[in-house]
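File shown: query_19.csv (CSV, C-alpha atoms).
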chain,number,residue,atom,x,y,z
A,1,GLY,CA,57.7,-57.1,75.0
A,2,ILE,CA,58.8,-53.9,73.2
A,3,VAL,CA,56.4,-51.4,71.7
A,4,THR,CA,57.2,-51.1,68.0
A,5,HIS,CA,54.5,-48.8,66.8
A,6,VAL,CA,51.7,-46.5,68.1
A,7,THR,CA,48.6,-46.4,65.8
A,8,ASP,CA,46.7,-43.8,67.8
A,9,GLY,CA,46.0,-42.8,71.4
A,10,ASP,CA,44.7,-46.2,72.5
A,11,THR,CA,46.3,-48.7,70.1
A,12,LEU,CA,49.9,-49.9,69.9
A,13,TRP,CA,51.9,-52.8,68.6
A,14,VAL,CA,54.1,-54.9,70.8
A,15,ARG,CA,56.8,-57.5,69.9
A,16,PRO,CA,56.7,-60.1,72.7
A,17,ALA,CA,60.1,-61.1,74.1
A,18,GLY,CA,61.8,-63.7,72.0
A,19,GLN,CA,59.4,-63.5,69.1
A,20,LYS,CA,59.5,-62.0,65.6
A,21,ASP,CA,55.9,-61.1,65.1
A,22,THR,CA,54.1,-58.1,66.7
A,23,VAL,CA,50.7,-58.1,68.3
A,24,GLU,CA,48.2,-55.2,67.9
A,25,ILE,CA,47.0,-54.1,71.4
A,26,ARG,CA,43.9,-52.1,72.1
A,27,LEU,CA,44.2,-50.5,75.6
A,28,LEU,CA,41.4,-51.8,77.8
A,29,GLY,CA,39.2,-49.4,79.7
A,30,ILE,CA,40.0,-46.2,77.7
A,31,ASP,CA,38.9,-44.5,74.5
A,32,ALA,CA,41.2,-41.9,73.0
A,33,PRO,CA,40.1,-39.3,70.3
A,34,GLU,CA,40.2,-40.5,66.7
A,35,GLY,CA,43.2,-39.4,64.7
A,36,CYS,CA,41.1,-36.9,62.7
A,37,GLN,CA,39.2,-35.7,65.8
A,38,ALA,CA,40.2,-32.7,67.9
A,39,PHE,CA,43.1,-33.8,70.2
A,40,GLY,CA,43.6,-37.1,68.4
A,41,PRO,CA,47.1,-36.3,67.1
A,42,GLN,CA,48.1,-35.1,70.6
A,43,ALA,CA,46.9,-38.3,72.2
A,44,LYS,CA,48.9,-40.4,69.7
A,45,ARG,CA,52.0,-38.3,70.3
A,46,ALA,CA,51.7,-38.6,74.1
A,47,LEU,CA,51.4,-42.3,74.0
A,48,ALA,CA,54.3,-42.7,71.5
A,49,ALA,CA,56.5,-40.4,73.6
A,50,ARG,CA,55.8,-42.5,76.7
A,51,VAL,CA,56.2,-46.1,75.3
A,52,LEU,CA,57.5,-46.3,71.8
A,53,ARG,CA,60.6,-48.6,71.7
A,54,GLN,CA,60.2,-49.2,75.4
A,55,PRO,CA,59.7,-52.5,77.3
A,56,VAL,CA,56.2,-53.0,78.6
A,57,THR,CA,54.2,-55.7,80.4
A,58,VAL,CA,50.9,-56.8,78.7
A,59,VAL,CA,48.0,-58.5,80.5
A,60,THR,CA,45.5,-59.6,77.9
A,61,ALA,CA,41.8,-59.8,78.3
A,62,GLY,CA,40.5,-61.1,75.0
A,63,GLN,CA,39.9,-59.6,71.5
A,64,ASP,CA,37.7,-56.8,70.2
A,65,ASP,CA,35.5,-56.8,67.1
A,66,TYR,CA,38.5,-55.8,65.0
A,67,ARG,CA,40.6,-58.8,66.2
A,68,ARG,CA,42.9,-56.6,68.2
A,69,THR,CA,44.1,-58.0,71.5
A,70,LEU,CA,42.5,-56.2,74.4
A,71,ALA,CA,44.9,-55.6,77.3
A,72,ARG,CA,46.2,-53.5,80.1
A,73,VAL,CA,49.7,-52.3,79.5
A,74,ARG,CA,52.3,-51.4,82.1
A,75,HIS,CA,55.5,-49.4,81.6
A,76,GLY,CA,57.6,-50.0,84.7
A,77,ASN,CA,55.1,-49.6,87.6
A,78,GLN,CA,52.7,-47.4,85.7
A,79,ASP,CA,49.4,-48.5,84.1
A,80,ILE,CA,49.5,-46.7,80.7
A,81,GLY,CA,45.7,-46.5,80.4
A,82,ALA,CA,45.5,-44.8,83.8
A,83,TRP,CA,48.2,-42.4,82.8
A,84,LEU,CA,46.5,-41.5,79.5
A,85,VAL,CA,43.2,-40.7,81.2
A,86,ARG,CA,44.8,-38.8,84.1
A,87,GLU,CA,46.8,-36.6,81.7
A,88,GLY,CA,43.6,-35.8,79.7
A,89,HIS,CA,44.5,-37.8,76.6
A,90,ALA,CA,41.6,-40.3,76.8
A,91,TRP,CA,38.2,-41.1,78.3
A,92,SER,CA,37.6,-43.8,80.9
A,93,THR,CA,35.1,-46.2,79.2
A,94,ASN,CA,31.9,-47.3,81.0
A,95,TYR,CA,30.4,-50.6,80.4
A,96,LYS,CA,26.6,-51.2,80.6
A,97,GLY,CA,26.1,-48.2,82.8
A,98,ARG,CA,28.8,-49.2,85.2
A,99,PRO,CA,31.6,-46.7,86.0
A,100,GLY,CA,34.8,-47.2,84.1
A,101,ARG,CA,38.0,-48.3,85.8
A,102,TYR,CA,39.5,-44.9,85.4
A,103,ASP,CA,36.5,-42.6,86.1
A,104,ARG,CA,38.0,-40.9,89.1
A,105,LEU,CA,41.2,-40.1,87.1
A,106,GLU,CA,39.0,-38.7,84.3
A,107,ASP,CA,37.2,-36.5,86.8
A,108,LEU,CA,40.6,-35.1,88.1
A,109,ALA,CA,41.8,-34.4,84.5
A,110,ARG,CA,38.5,-32.6,83.8
A,111,ARG,CA,38.6,-30.5,86.9
A,112,GLU,CA,42.2,-29.5,86.1
A,113,ARG,CA,41.4,-28.9,82.5
A,114,LEU,CA,44.2,-31.1,81.2
A,115,GLY,CA,44.7,-32.2,77.6
A,116,LEU,CA,41.4,-32.7,75.8
A,117,TRP,CA,39.6,-31.1,78.7
A,118,SER,CA,41.4,-27.7,78.1
A,119,GLY,CA,38.8,-26.8,75.5
A,120,PRO,CA,35.0,-26.6,75.7
A,121,GLN,CA,34.1,-29.1,72.9
A,122,ALA,CA,35.5,-32.5,73.9
A,123,MET,CA,33.4,-35.2,72.2
A,124,GLU,CA,33.6,-38.8,73.2
A,125,PRO,CA,35.1,-40.8,70.3
A,126,ARG,CA,32.0,-43.1,70.1
A,127,HIS,CA,29.8,-40.1,69.5
A,128,PHE,CA,32.3,-38.7,67.0
A,129,ARG,CA,32.3,-42.0,65.1
A,130,ARG,CA,28.5,-42.0,65.0
A,131,SER,CA,28.4,-38.5,63.6
A,132,HIS,CA,31.5,-38.5,61.3
A,133,GLY,CA,32.4,-42.2,60.8
A,134,ARG,CA,35.9,-43.6,61.3
A,135,CYS,CA,39.0,-41.7,60.2
A,136,VAL,CA,40.4,-42.9,57.0
Render the structure in this file as structure tokens.
Amino acid sequence: GIVTHVTDGDTLWVRPAGQKDTVEIRLLGIDAPEGCQAFGPQAKRALAARVLRQPVTVVTAGQDDYRRTLARVRHGNQDIGAWLVREGHAWSTNYKGRPGRYDRLEDLARRERLGLWSGPQAMEPRHFRRSHGRCV
């Protein structure tokens, strides 16, 4: 399909090939800063610059609590979730204490102080939401 809109650093809309309606996609395995959180706007801009109006391949894996389709998205040969984490635009998410799919890429971005790791106060979005609520 084609990416028609980027909501934030880990959510985008795709129009499947040959269809009129778009599908809201939440990138699986990552968590980007909230839009009102430090580095949130930069994460959104990075994702938009990479995939907006571009063809992508979507591999779905269910839905989240907000009824968004959970999926891995590829642009050409590149996993977009991996790219976002490696460039310092998102965290790799862990599940029930198990390492996330992109943990090693996050470690590299941290060591190289890329993106959100360039400053001292990077706060995981789940902690930000607990403290400040969701962005309006």
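Counting all atoms listed in the file, the residue from A:Leu116, A:Val3, A:Leu28, A:Leu108 that sits nearest to Gly62 (chain A) is A:Leu28.
Among the candidates A:Gln19, A:Thr69, A:Gln54, A:Thr7, the residue lying nearest to Gly40 (chain A) is A:Thr7 (atoms considered: only C-alpha atoms).
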CA of Glu34 (chain A) to CA of Cys135 (chain A), distance in Å rounded to a single decimal: 6.7 Å
Exercise: Trp13 (chain A) partners within 7 Å, all atoms listed in the file, chain neighbours under 6 positions left out, as a list in words: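 In the requested form, the answer reads Val3, Thr4, His5, Val6, Thr22, Val23, Glu24 and Ile25 of chain A.
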Selection: 6 Å around Val56 (chain A), only C-alpha atoms, excl. self and same-chain fewer than 3 positions, as a PyMOL selection string: chain A and resi 1+74-75
Point-to-point distance from CA of Thr93 (chain A) to CA of Cys36 (chain A), Å rounded to tenths: 19.9 Å
Tell me, in Å to one decimal, how far CA of Ala122 (chain A) is from CA of Val58 (chain A). 29.2 Å
Select all residues near (33.8, -35.6, 71.1) (cut-off 10 Å, inclusive, file coordinates), counting only C-alpha atoms, and output them as number ranges by chain. A: 32-34, 37-39, 116, 121-129, 131
Name the residues in contact with Leu47 (chain A) at a cut-off of 9 Å, using only C-alpha atoms, excluding same-chain residues fewer than 2 positions from it; report them as a PyMOL selection string. chain A and resi 6+8-10+12+42-45+49-52+80+84+89
Within 12 Å of Gly100 (chain A), counting all atoms listed in the file, which residues qualify if same-chain residues fewer than 2 places away don't, as a ChimeraX atom specification? /A:28-31,81-82,85,91-98,102-107
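Nearest residue to Ala71 (chain A) among A:Arg86, A:Lys20, A:Arg26, A:Arg101 is A:Arg26, counting all atoms listed in the file.
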